[in-house]
>>> print(open('protein_38.cif').read())   # mmCIF, C-alpha atoms
data_final
#
loop_
_atom_site.label_atom_id
_atom_site.label_comp_id
_atom_site.auth_asym_id
_atom_site.auth_seq_id
_atom_site.Cartn_x
_atom_site.Cartn_y
_atom_site.Cartn_z
CA MET Z 425 -24.15 -73.56 52.52
CA SER Z 426 -25.86 -76.61 51.07
CA ARG Z 427 -26.26 -79.62 53.36
CA SER Z 428 -24.37 -81.74 50.82
CA PRO Z 429 -20.97 -80.19 50.22
CA ASP Z 430 -18.43 -81.60 47.81
CA TYR Z 431 -16.07 -83.66 49.96
CA SER Z 432 -13.93 -84.86 47.02
CA LEU Z 433 -10.69 -83.32 48.21
CA TYR Z 434 -10.79 -82.34 51.85
CA LEU Z 435 -7.83 -80.51 53.36
CA VAL Z 436 -7.08 -80.70 57.09
CA THR Z 437 -4.65 -78.03 58.26
CA ASP Z 438 -1.65 -78.63 60.47
CA ASP Z 439 0.40 -75.69 61.66
CA ALA Z 440 3.38 -77.87 62.51
CA LEU Z 441 3.62 -79.15 58.93
CA ALA Z 442 3.41 -75.71 57.35
CA GLY Z 443 7.11 -75.09 57.81
CA GLY Z 444 6.66 -71.50 58.86
CA ARG Z 445 4.41 -70.64 55.89
CA SER Z 446 1.02 -69.18 56.71
CA ILE Z 447 -1.93 -71.55 56.91
CA GLU Z 448 -3.97 -69.03 54.96
CA TRP Z 449 -1.54 -69.00 52.05
CA ILE Z 450 -1.39 -72.80 51.89
CA VAL Z 451 -5.19 -73.05 52.03
CA ALA Z 452 -5.58 -70.46 49.27
CA GLU Z 453 -3.11 -72.30 47.05
CA ALA Z 454 -4.72 -75.65 47.78
CA VAL Z 455 -8.19 -74.33 46.95
CA ALA Z 456 -6.86 -72.88 43.71
CA GLY Z 457 -5.55 -76.37 42.94
CA GLY Z 458 -8.86 -78.11 43.59
CA VAL Z 459 -9.46 -78.59 47.32
CA THR Z 460 -13.25 -78.64 47.86
CA CYS Z 461 -13.53 -78.52 51.67
CA VAL Z 462 -11.26 -77.24 54.46
CA GLN Z 463 -10.98 -78.34 58.08
CA LEU Z 464 -9.09 -76.03 60.40
CA ARG Z 465 -7.38 -78.08 63.07
CA GLU Z 466 -5.50 -76.32 65.87
CA LYS Z 467 -4.29 -78.50 68.66
CA HIS Z 468 -2.23 -76.01 70.66
CA ALA Z 469 -3.68 -72.57 69.95
CA GLU Z 470 -5.43 -70.56 72.63
CA SER Z 471 -9.15 -70.25 72.02
CA ARG Z 472 -9.00 -66.63 70.86
CA ALA Z 473 -6.24 -67.35 68.34
CA TYR Z 474 -8.14 -70.40 67.06
CA TYR Z 475 -11.27 -68.27 66.69
CA GLU Z 476 -9.43 -65.50 64.86
CA ARG Z 477 -7.81 -67.90 62.46
CA ALA Z 478 -11.21 -69.50 61.82
CA ARG Z 479 -12.74 -66.12 61.05
CA ALA Z 480 -9.94 -65.21 58.68
CA LEU Z 481 -10.31 -68.50 56.81
CA ARG Z 482 -14.08 -68.13 56.67
CA GLU Z 483 -13.70 -64.69 55.07
CA ARG Z 484 -11.41 -66.17 52.48
CA LEU Z 485 -13.40 -69.34 51.75
CA ARG Z 486 -17.00 -68.16 51.81
CA PRO Z 487 -16.82 -66.15 48.55
CA LEU Z 488 -15.37 -69.26 46.92
CA GLY Z 489 -18.19 -71.51 48.14
CA ILE Z 490 -15.72 -73.74 49.99
CA PRO Z 491 -17.05 -75.03 53.33
CA LEU Z 492 -14.97 -74.41 56.45
CA ILE Z 493 -15.16 -77.01 59.17
CA ILE Z 494 -13.57 -76.57 62.61
CA ASN Z 495 -11.91 -79.45 64.42
CA ASP Z 496 -13.20 -80.29 67.90
CA ARG Z 497 -14.36 -76.81 69.01
CA LEU Z 498 -18.06 -76.37 68.33
CA ASP Z 499 -18.06 -73.06 70.20
CA ILE Z 500 -15.34 -71.66 67.95
CA ALA Z 501 -17.09 -73.01 64.85
CA LEU Z 502 -20.32 -71.24 65.83
CA ALA Z 503 -18.63 -68.02 66.92
CA ALA Z 504 -16.58 -67.80 63.73
CA GLY Z 505 -19.53 -68.53 61.47
CA ALA Z 506 -17.96 -71.70 60.11
CA ASP Z 507 -20.04 -74.25 58.21
CA GLY Z 508 -19.47 -77.15 60.53
CA VAL Z 509 -17.49 -78.98 63.16
CA HIS Z 510 -15.53 -82.21 63.00
CA LEU Z 511 -15.62 -84.36 66.13
CA GLY Z 512 -13.42 -87.29 67.07
CA GLN Z 513 -14.50 -90.11 69.35
CA GLY Z 514 -12.80 -88.21 72.21
CA ASP Z 515 -14.63 -84.95 71.50
CA LEU Z 516 -18.18 -83.85 72.34
CA PRO Z 517 -20.88 -86.45 71.61
CA CYS Z 518 -22.56 -85.92 68.24
CA VAL Z 519 -26.02 -85.78 69.80
CA GLU Z 520 -25.04 -82.92 72.09
CA ALA Z 521 -23.34 -81.04 69.28
CA ARG Z 522 -26.43 -81.36 67.09
CA HIS Z 523 -28.63 -80.18 69.91
CA ILE Z 524 -26.52 -77.03 70.31
CA ALA Z 525 -25.85 -76.32 66.63
CA GLY Z 526 -29.25 -77.08 65.13
CA PRO Z 527 -30.02 -78.84 61.87
CA ASN Z 528 -28.33 -76.48 59.39
CA PHE Z 529 -24.78 -77.08 60.52
CA LEU Z 530 -22.39 -79.73 59.28
CA ILE Z 531 -21.24 -82.31 61.80
CA GLY Z 532 -18.55 -84.77 60.81
CA ILE Z 533 -17.59 -87.68 63.04
CA SER Z 534 -14.35 -89.66 62.96
CA VAL Z 535 -14.99 -93.40 62.98
CA SER Z 536 -12.76 -96.40 62.53
CA THR Z 537 -15.28 -99.24 62.77
CA THR Z 538 -18.66 -100.12 61.33
CA ALA Z 539 -20.21 -99.91 64.79
CA GLU Z 540 -18.93 -96.37 65.26
CA ALA Z 541 -20.16 -95.44 61.79
CA GLN Z 542 -23.66 -96.75 62.51
CA ALA Z 543 -23.75 -94.95 65.85
CA ALA Z 544 -22.71 -91.65 64.25
CA ALA Z 545 -25.36 -92.06 61.56
CA ARG Z 546 -28.00 -92.63 64.24
CA ASP Z 547 -26.72 -89.62 66.20
CA GLY Z 548 -27.23 -87.23 63.29
CA ALA Z 549 -23.81 -86.89 61.67
CA ASP Z 550 -23.70 -85.30 58.19
CA TYR Z 551 -20.60 -87.14 57.06
CA LEU Z 552 -18.04 -89.58 58.45
CA GLY Z 553 -14.28 -89.37 58.51
CA ILE Z 554 -12.84 -92.87 58.17
CA SER Z 555 -9.76 -92.43 60.27
CA PRO Z 556 -7.15 -93.65 59.83
CA ILE Z 557 -7.62 -95.42 56.53
CA PHE Z 558 -3.88 -96.11 56.35
CA ASP Z 559 -1.16 -95.75 58.94
CA THR Z 560 0.16 -92.21 59.12
CA PRO Z 561 2.87 -90.29 60.93
CA THR Z 562 0.67 -87.15 61.30
CA LYS Z 563 -1.39 -88.47 64.18
CA THR Z 564 -0.13 -90.89 66.78
CA ASP Z 565 -3.21 -91.15 69.01
CA THR Z 566 -5.29 -93.06 66.48
CA PRO Z 567 -6.80 -96.54 66.42
CA PRO Z 568 -5.46 -99.24 64.02
CA ALA Z 569 -5.84 -98.42 60.33
CA THR Z 570 -9.25 -99.26 58.89
CA GLY Z 571 -7.83 -100.23 55.52
CA ILE Z 572 -9.60 -100.63 52.21
CA ASP Z 573 -11.58 -103.63 53.44
CA GLY Z 574 -12.74 -101.75 56.52
CA LEU Z 575 -13.82 -98.83 54.32
CA ARG Z 576 -15.83 -101.20 52.11
CA ALA Z 577 -17.57 -102.62 55.17
CA ILE Z 578 -18.49 -99.15 56.44
CA ARG Z 579 -19.66 -98.17 52.92
CA ALA Z 580 -22.00 -101.16 52.95
CA ALA Z 581 -23.33 -100.28 56.41
CA VAL Z 582 -24.16 -96.56 56.15
CA SER Z 583 -25.38 -94.17 53.47
CA LEU Z 584 -23.65 -91.01 54.75
CA PRO Z 585 -20.85 -89.37 52.76
CA LEU Z 586 -17.51 -90.96 53.68
CA VAL Z 587 -14.23 -89.11 53.71
CA ALA Z 588 -11.16 -91.26 54.24
CA ILE Z 589 -8.11 -89.81 56.00
CA GLY Z 590 -4.72 -91.07 57.05
CA GLY Z 591 -1.70 -91.70 54.86
CA ILE Z 592 -3.48 -90.87 51.60
CA LYS Z 593 -1.32 -89.67 48.69
CA ALA Z 594 -1.63 -89.58 44.91
CA GLU Z 595 -0.44 -93.22 44.70
CA ASN Z 596 -3.15 -94.76 46.87
CA ALA Z 597 -6.04 -92.28 46.54
CA ALA Z 598 -7.69 -94.06 43.60
CA ALA Z 599 -8.10 -97.28 45.58
CA VAL Z 600 -9.84 -95.35 48.35
CA VAL Z 601 -12.33 -93.78 45.96
CA ARG Z 602 -12.99 -97.09 44.21
CA ALA Z 603 -13.71 -98.66 47.62
CA GLY Z 604 -16.56 -96.21 48.13
CA ALA Z 605 -15.15 -93.03 49.68
CA ASP Z 606 -16.91 -89.85 48.60
CA GLY Z 607 -13.73 -87.96 49.20
CA ILE Z 608 -10.18 -88.13 50.40
CA ALA Z 609 -8.82 -86.01 53.21
CA VAL Z 610 -5.16 -85.12 53.38
CA VAL Z 611 -2.89 -83.31 55.77
CA SER Z 612 0.78 -83.69 54.93
CA ALA Z 613 0.22 -84.41 51.22
CA ILE Z 614 -0.73 -80.74 50.88
CA MET Z 615 0.41 -78.96 54.07
CA ALA Z 616 3.97 -80.25 53.94
CA VAL Z 617 4.81 -79.91 50.24
CA ALA Z 618 6.59 -77.09 48.43
CA ASP Z 619 3.77 -76.49 45.93
CA PRO Z 620 0.38 -77.04 47.61
CA ARG Z 621 -1.50 -75.93 44.49
CA ALA Z 622 0.17 -78.51 42.27
CA ALA Z 623 -0.25 -81.20 44.92
CA ALA Z 624 -3.97 -80.41 45.22
CA ARG Z 625 -4.38 -80.47 41.45
CA ALA Z 626 -2.71 -83.88 41.19
CA LEU Z 627 -4.89 -85.31 43.97
CA ALA Z 628 -8.06 -83.82 42.48
CA ASP Z 629 -7.19 -85.41 39.15
CA VAL Z 630 -6.73 -88.81 40.77
CA VAL Z 631 -10.10 -88.54 42.50
CA ALA Z 632 -11.87 -87.45 39.31
CA ARG Z 633 -10.37 -90.28 37.28
CA ALA Z 634 -11.07 -92.89 39.95
CA ARG Z 635 -14.71 -91.78 40.06
CA GLN Z 636 -15.09 -92.63 36.41
CA GLN Z 637 -14.04 -96.18 37.26
CA VAL Z 638 -16.47 -96.69 40.14
CA MET X 1354 -30.59 -70.74 88.06
CA SER X 1355 -31.02 -67.12 89.07
CA ARG X 1356 -29.07 -64.54 87.08
CA SER X 1357 -27.51 -63.31 90.34
CA PRO X 1358 -25.73 -66.20 92.00
CA ASP X 1359 -23.93 -65.93 95.29
CA TYR X 1360 -20.27 -65.48 94.36
CA SER X 1361 -19.06 -65.16 97.98
CA LEU X 1362 -16.77 -68.16 97.92
CA TYR X 1363 -15.98 -69.32 94.41
CA LEU X 1364 -13.94 -72.48 93.93
CA VAL X 1365 -11.88 -73.03 90.78
CA THR X 1366 -10.80 -76.64 90.32
CA ASP X 1367 -7.31 -77.75 89.42
CA ASP X 1368 -6.62 -81.42 88.79
CA ALA X 1369 -2.89 -81.01 89.30
CA LEU X 1370 -3.39 -79.64 92.83
CA ALA X 1371 -5.78 -82.40 93.89
CA GLY X 1372 -2.93 -84.75 94.75
CA GLY X 1373 -4.63 -87.77 93.27
CA ARG X 1374 -7.90 -87.16 95.12
CA SER X 1375 -11.03 -86.91 92.98
CA ILE X 1376 -12.20 -83.45 91.94
CA GLU X 1377 -15.73 -84.50 92.76
CA TRP X 1378 -14.86 -85.38 96.34
CA ILE X 1379 -12.99 -82.13 96.91
CA VAL X 1380 -15.86 -80.12 95.41
CA ALA X 1381 -18.41 -81.93 97.57
CA GLU X 1382 -16.38 -81.27 100.71
CA ALA X 1383 -15.80 -77.65 99.74
CA VAL X 1384 -19.50 -77.07 99.14
CA ALA X 1385 -20.31 -78.65 102.49
CA GLY X 1386 -17.89 -76.15 104.02
CA GLY X 1387 -19.46 -73.11 102.38
CA VAL X 1388 -18.35 -72.78 98.73
CA THR X 1389 -21.17 -71.00 96.87
CA CYS X 1390 -20.06 -71.33 93.22
CA VAL X 1391 -17.83 -73.80 91.34
CA GLN X 1392 -15.77 -73.34 88.21
CA LEU X 1393 -14.52 -76.49 86.54
CA ARG X 1394 -11.20 -75.76 84.86
CA GLU X 1395 -9.52 -78.48 82.80
CA LYS X 1396 -6.48 -77.42 80.87
CA HIS X 1397 -5.30 -80.76 79.52
CA ALA X 1398 -8.35 -83.02 79.32
CA GLU X 1399 -9.73 -84.21 76.00
CA SER X 1400 -13.08 -82.63 75.19
CA ARG X 1401 -15.10 -85.76 75.96
CA ALA X 1402 -13.46 -86.20 79.36
CA TYR X 1403 -14.01 -82.51 80.17
CA TYR X 1404 -17.66 -82.85 79.15
CA GLU X 1405 -18.17 -85.97 81.25
CA ARG X 1406 -16.62 -84.40 84.31
CA ALA X 1407 -18.80 -81.32 83.80
CA ARG X 1408 -21.91 -83.46 83.63
CA ALA X 1409 -20.97 -85.36 86.76
CA LEU X 1410 -20.39 -82.13 88.68
CA ARG X 1411 -23.63 -80.66 87.38
CA GLU X 1412 -25.55 -83.68 88.68
CA ARG X 1413 -23.95 -83.22 92.06
CA LEU X 1414 -24.30 -79.42 92.31
CA ARG X 1415 -27.72 -78.75 90.82
CA PRO X 1416 -29.73 -80.27 93.71
CA LEU X 1417 -27.68 -78.09 96.06
CA GLY X 1418 -28.42 -74.90 94.11
CA ILE X 1419 -24.70 -74.30 93.52
CA PRO X 1420 -23.94 -72.87 90.06
CA LEU X 1421 -21.42 -74.71 87.89
CA ILE X 1422 -19.33 -72.61 85.54
CA ILE X 1423 -17.03 -74.10 82.89
CA ASN X 1424 -13.66 -72.55 82.10
CA ASP X 1425 -13.05 -71.54 78.47
CA ARG X 1426 -15.21 -74.14 76.68
CA LEU X 1427 -18.63 -72.69 75.93
CA ASP X 1428 -19.52 -75.77 73.88
CA ILE X 1429 -18.84 -78.06 76.82
CA ALA X 1430 -20.73 -75.76 79.18
CA LEU X 1431 -23.80 -75.86 76.93
CA ALA X 1432 -23.57 -79.59 76.23
CA ALA X 1433 -23.20 -80.44 79.91
CA GLY X 1434 -26.05 -78.18 80.99
CA ALA X 1435 -23.77 -76.02 83.14
CA ASP X 1436 -24.92 -72.62 84.36
CA GLY X 1437 -22.23 -70.58 82.69
CA VAL X 1438 -18.82 -70.19 81.17
CA HIS X 1439 -15.76 -68.28 82.35
CA LEU X 1440 -13.67 -66.67 79.63
CA GLY X 1441 -10.18 -65.23 79.84
CA GLN X 1442 -8.87 -62.49 77.60
CA GLY X 1443 -7.36 -65.22 75.40
CA ASP X 1444 -10.64 -67.13 75.07
CA LEU X 1445 -13.69 -66.48 72.90
CA PRO X 1446 -14.89 -62.86 72.83
CA CYS X 1447 -17.71 -62.19 75.29
CA VAL X 1448 -19.98 -60.81 72.56
CA GLU X 1449 -19.71 -64.01 70.52
CA ALA X 1450 -20.29 -66.19 73.56
CA ARG X 1451 -23.40 -64.22 74.50
CA HIS X 1452 -24.69 -64.48 70.96
CA ILE X 1453 -24.37 -68.28 71.06
CA ALA X 1454 -25.50 -68.87 74.64
CA GLY X 1455 -28.41 -66.44 74.85
CA PRO X 1456 -29.38 -64.22 77.76
CA ASN X 1457 -30.05 -66.85 80.45
CA PHE X 1458 -26.52 -68.12 80.77
CA LEU X 1459 -23.79 -66.81 83.04
CA ILE X 1460 -20.71 -65.36 81.37
CA GLY X 1461 -17.77 -64.38 83.52
CA ILE X 1462 -14.79 -62.52 82.09
CA SER X 1463 -11.28 -62.32 83.53
CA VAL X 1464 -10.01 -58.75 83.64
CA SER X 1465 -6.95 -57.13 85.15
CA THR X 1466 -7.53 -53.48 84.27
CA THR X 1467 -10.35 -50.97 84.45
CA ALA X 1468 -10.43 -50.75 80.65
CA GLU X 1469 -10.92 -54.51 80.35
CA ALA X 1470 -13.61 -54.39 83.02
CA GLN X 1471 -15.52 -51.66 81.21
CA ALA X 1472 -15.23 -53.51 77.90
CA ALA X 1473 -16.55 -56.72 79.46
CA ALA X 1474 -19.47 -54.84 81.02
CA ARG X 1475 -20.33 -53.34 77.62
CA ASP X 1476 -20.04 -56.78 76.01
CA GLY X 1477 -22.64 -58.35 78.28
CA ALA X 1478 -20.65 -60.11 81.00
CA ASP X 1479 -22.57 -61.22 84.10
CA TYR X 1480 -19.63 -60.97 86.47
CA LEU X 1481 -15.93 -60.20 86.35
CA GLY X 1482 -13.00 -62.17 87.64
CA ILE X 1483 -10.30 -59.76 88.83
CA SER X 1484 -7.28 -61.82 87.96
CA PRO X 1485 -4.76 -61.95 89.43
CA ILE X 1486 -5.51 -59.86 92.49
CA PHE X 1487 -2.24 -61.02 94.10
CA ASP X 1488 0.70 -62.88 92.65
CA THR X 1489 0.14 -66.62 92.64
CA PRO X 1490 2.05 -69.76 91.77
CA THR X 1491 -1.05 -71.50 90.33
CA LYS X 1492 -1.03 -69.65 87.03
CA THR X 1493 2.07 -68.38 85.29
CA ASP X 1494 0.52 -66.90 82.12
CA THR X 1495 -1.14 -64.01 83.90
CA PRO X 1496 -0.70 -60.23 83.73
CA PRO X 1497 0.77 -58.28 86.69
CA ALA X 1498 -1.26 -58.44 89.90
CA THR X 1499 -4.13 -55.96 90.06
CA GLY X 1500 -3.75 -55.45 93.80
CA ILE X 1501 -6.18 -53.92 96.26
CA ASP X 1502 -5.88 -50.48 94.66
CA GLY X 1503 -6.60 -51.90 91.20
CA LEU X 1504 -9.64 -53.72 92.57
CA ARG X 1505 -10.91 -50.47 94.11
CA ALA X 1506 -10.52 -48.69 90.77
CA ILE X 1507 -12.46 -51.43 88.95
CA ARG X 1508 -15.13 -51.37 91.68
CA ALA X 1509 -15.57 -47.65 91.08
CA ALA X 1510 -15.79 -48.13 87.30
CA VAL X 1511 -18.33 -50.96 86.89
CA SER X 1512 -21.43 -52.19 88.71
CA LEU X 1513 -21.09 -55.91 87.85
CA PRO X 1514 -20.35 -58.48 90.56
CA LEU X 1515 -16.58 -58.77 91.07
CA VAL X 1516 -14.82 -61.96 92.08
CA ALA X 1517 -11.15 -61.58 92.91
CA ILE X 1518 -8.76 -64.47 92.28
CA GLY X 1519 -5.06 -65.10 92.67
CA GLY X 1520 -3.13 -65.76 95.85
CA ILE X 1521 -6.15 -65.32 98.13
CA LYS X 1522 -6.06 -67.08 101.51
CA ALA X 1523 -7.72 -66.66 104.89
CA GLU X 1524 -5.11 -64.03 105.86
CA ASN X 1525 -5.76 -61.60 102.99
CA ALA X 1526 -9.37 -62.36 102.02
CA ALA X 1527 -10.91 -59.72 104.29
CA ALA X 1528 -8.98 -56.91 102.62
CA VAL X 1529 -10.30 -58.05 99.23
CA VAL X 1530 -13.91 -58.00 100.39
CA ARG X 1531 -13.47 -54.63 102.09
CA ALA X 1532 -12.10 -53.24 98.81
CA GLY X 1533 -15.35 -54.08 97.08
CA ALA X 1534 -15.17 -57.67 95.85
CA ASP X 1535 -18.49 -59.52 95.90
CA GLY X 1536 -16.63 -62.74 96.33
CA ILE X 1537 -13.26 -64.40 96.53
CA ALA X 1538 -12.17 -67.19 94.22
CA VAL X 1539 -9.60 -69.72 95.32
CA VAL X 1540 -7.78 -72.62 93.77
CA SER X 1541 -4.95 -73.94 95.92
CA ALA X 1542 -6.42 -72.67 99.23
CA ILE X 1543 -9.05 -75.40 98.83
CA MET X 1544 -7.82 -77.80 96.14
CA ALA X 1545 -4.40 -78.37 97.68
CA VAL X 1546 -5.25 -78.69 101.37
CA ALA X 1547 -5.82 -81.82 103.44
CA ASP X 1548 -9.27 -80.76 104.65
CA PRO X 1549 -11.11 -78.84 101.91
CA ARG X 1550 -14.28 -78.60 104.02
CA ALA X 1551 -12.52 -76.93 106.93
CA ALA X 1552 -10.63 -74.63 104.56
CA ALA X 1553 -13.85 -73.58 102.86
CA ARG X 1554 -15.53 -72.97 106.21
CA ALA X 1555 -12.66 -70.76 107.38
CA LEU X 1556 -12.71 -68.74 104.15
CA ALA X 1557 -16.50 -68.39 104.22
CA ASP X 1558 -16.25 -67.08 107.78
CA VAL X 1559 -13.67 -64.48 106.78
CA VAL X 1560 -15.87 -63.28 103.93
CA ALA X 1561 -18.97 -63.09 106.11
CA ARG X 1562 -17.15 -61.13 108.83
CA ALA X 1563 -15.50 -58.78 106.34
CA ARG X 1564 -18.90 -58.02 104.79
CA GLN X 1565 -20.12 -56.73 108.13
CA GLN X 1566 -17.27 -54.23 108.05
CA VAL X 1567 -17.94 -52.91 104.52
#
>>> encode(input="protein_38.cif", output="structure tokens")
Amino acid sequence: MSRSPDYSLYLVTDDALAGGRSIEWIVAEAVAGGVTCVQLREKHAESRAYYERARALRERLRPLGIPLIINDRLDIALAAGADGVHLGQGDLPCVEARHIAGPNFLIGISVSTTAEAQAAARDGADYLGISPIFDTPTKTDTPPATGIDGLRAIRAAVSLPLVAIGGIKAENAAAVVRAGADGIAVVSAIMAVADPRAAARALADVVARARQQV
Amino acid sequence: MSRSPDYSLYLVTDDALAGGRSIEWIVAEAVAGGVTCVQLREKHAESRAYYERARALRERLRPLGIPLIINDRLDIALAAGADGVHLGQGDLPCVEARHIAGPNFLIGISVSTTAEAQAAARDGADYLGISPIFDTPTKTDTPPATGIDGLRAIRAAVSLPLVAIGGIKAENAAAVVRAGADGIAVVSAIMAVADPRAAARALADVVARARQQV
């Protein structure tokens, strides 16, 4: 895995939004539609089940060159041979995670302010999740939305890749890319729709066209 | 930390049983009374809070030579500089944990059958938690109680240190030691009592006397 993955269209899984469909099927469809990076997020699974799902996704994604990132659980990310871990402000400190995982392992950090972004950059993060960029019903334990202006301020303050997440859909994704995001991350816009492949393709198109305008 | 800690009286924490008292205070009192090993178990804490509590306990226990073991979360155990991790059958596989943590790190595995005990021994466990030895109200997601006969069978099958847990109190601890346990682990018998130091002292006395009878 290169140290600079393509974060253009970053899918975060959510079992509760899958409507009984398998996460693996949705991920496969989404990747076929243009998703470039996948974060497995399990908030209620036992550790063994989380690990086994991570391994299954890794087997599916590795031949495709799509990085797999595990939410919160560095131990599961390492055990499953994932490419990285994504840490919120309430998860393990970035410095400790880097110390355990070594240099060749992706660490993403959720930030909502310029100060948090600068701290994560100092602490060795590989990329930042700007979260939430807009208000969203998917997560309720989040700080106030950063907004397009907040994203621009973070873009001016740090040079790391930025992935915006929170309430992004085809209608507002272009503005996020034009404001300096290297990628958009989505949950419900792919996990909760009837045709994840078509949804991913539409979002990937928006990102590609917005890039030409930057 | 030696690879062969004293497991005689092994305390497993439980925030819900502490009755609003601090875990750190109860642990300190319990160690003063004779607890020889501490497992921090947090089932609902966010990762950062779990990590910070682990670090605080490590600072308190290390000067006393008391090993600190973290339940389930290998990443938190490593980040906090704990001495080991304790894994249930629904947690990360022992082999993967050993691969990540290296040889000089304690790994305990919960088992309830001889087959599980033999598998854990093959997979590189340092000690086994026989769980539950008796029925207990503390945990409800456990297999049927192993009982004294089950403990004897496991004792005959593996040479690893065995720590029995589940429903152990001063009245039944001696039988557990006489059946071959190297130590007894308790939750409510120390966490839920008014005087954790006195409770630990009483349990330590029972273990010491039962050892003379083995």
>>> resolve_selection(input="protein_38.cif", expression="the PyMOL selection byres ((chain Z and resi 618) around 12)", output="list in words")
Leu441, Ala442, Gly443, Gly444, Arg445, Ile450, Glu453, Ala454, Ser612, Ala613, Ile614, Met615, Ala616, Val617, Asp619, Pro620, Arg621, Ala622, Ala623 and Ala624 of chain Z
>>> atom_distance(input="protein_38.cif", atom1="atom CA of Z:Leu502", atom2="atom CA of X:Asp1444")
14.0 Å
>>> closest_atom_pairs(input="protein_38.cif", of="chain X", to="chain Z", cutoff="7 Å", atoms="all atoms listed in the file", output="JSON lines")
{"residue": "X:Glu1399", "atom": "CA", "partner": "Z:Gly514", "partner_atom": "CA", "distance": 6.3}
{"residue": "X:Ser1400", "atom": "CA", "partner": "Z:Asp515", "partner_atom": "CA", "distance": 4.6}
{"residue": "X:Arg1401", "atom": "CA", "partner": "Z:Asp515", "partner_atom": "CA", "distance": 4.6}
{"residue": "X:Tyr1404", "atom": "CA", "partner": "Z:Leu516", "partner_atom": "CA", "distance": 6.9}
{"residue": "X:Leu1427", "atom": "CA", "partner": "Z:Asp499", "partner_atom": "CA", "distance": 5.8}
{"residue": "X:Asp1428", "atom": "CA", "partner": "Z:Asp499", "partner_atom": "CA", "distance": 4.8}
{"residue": "X:Ala1432", "atom": "CA", "partner": "Z:Glu520", "partner_atom": "CA", "distance": 5.5}
{"residue": "X:Gly1443", "atom": "CA", "partner": "Z:Arg472", "partner_atom": "CA", "distance": 5.0}
{"residue": "X:Asp1444", "atom": "CA", "partner": "Z:Arg472", "partner_atom": "CA", "distance": 4.5}
{"residue": "X:Leu1445", "atom": "CA", "partner": "Z:Arg472", "partner_atom": "CA", "distance": 5.1}
{"residue": "X:Glu1449", "atom": "CA", "partner": "Z:Ala503", "partner_atom": "CA", "distance": 5.5}
>>> residues_around(input="protein_38.cif", residues="Z:Ala580", least_positions_apart="2", cutoff="12 Å", atoms="all atoms listed in the file", output="list in words")
Thr538, Ala541, Gln542, Asp573, Gly574, Leu575, Arg576, Ala577, Ile578, Val582, Ser583, Leu584, Pro585, Leu586, Ala603, Gly604 and Ala605 of chain Z
>>> atom_distance(input="protein_38.cif", atom1="atom CA of Z:Val631", atom2="atom CA of Z:Leu530")
22.6 Å
>>> resolve_selection(input="protein_38.cif", expression="the PyMOL selection byres ((chain Z and resi 460) around 9)", output="list in words")
Pro429, Asp430, Tyr431, Ser432, Leu433, Tyr434, Leu435, Val455, Gly458, Val459, Cys461, Val462, Gly489, Ile490 and Pro491 of chain Z
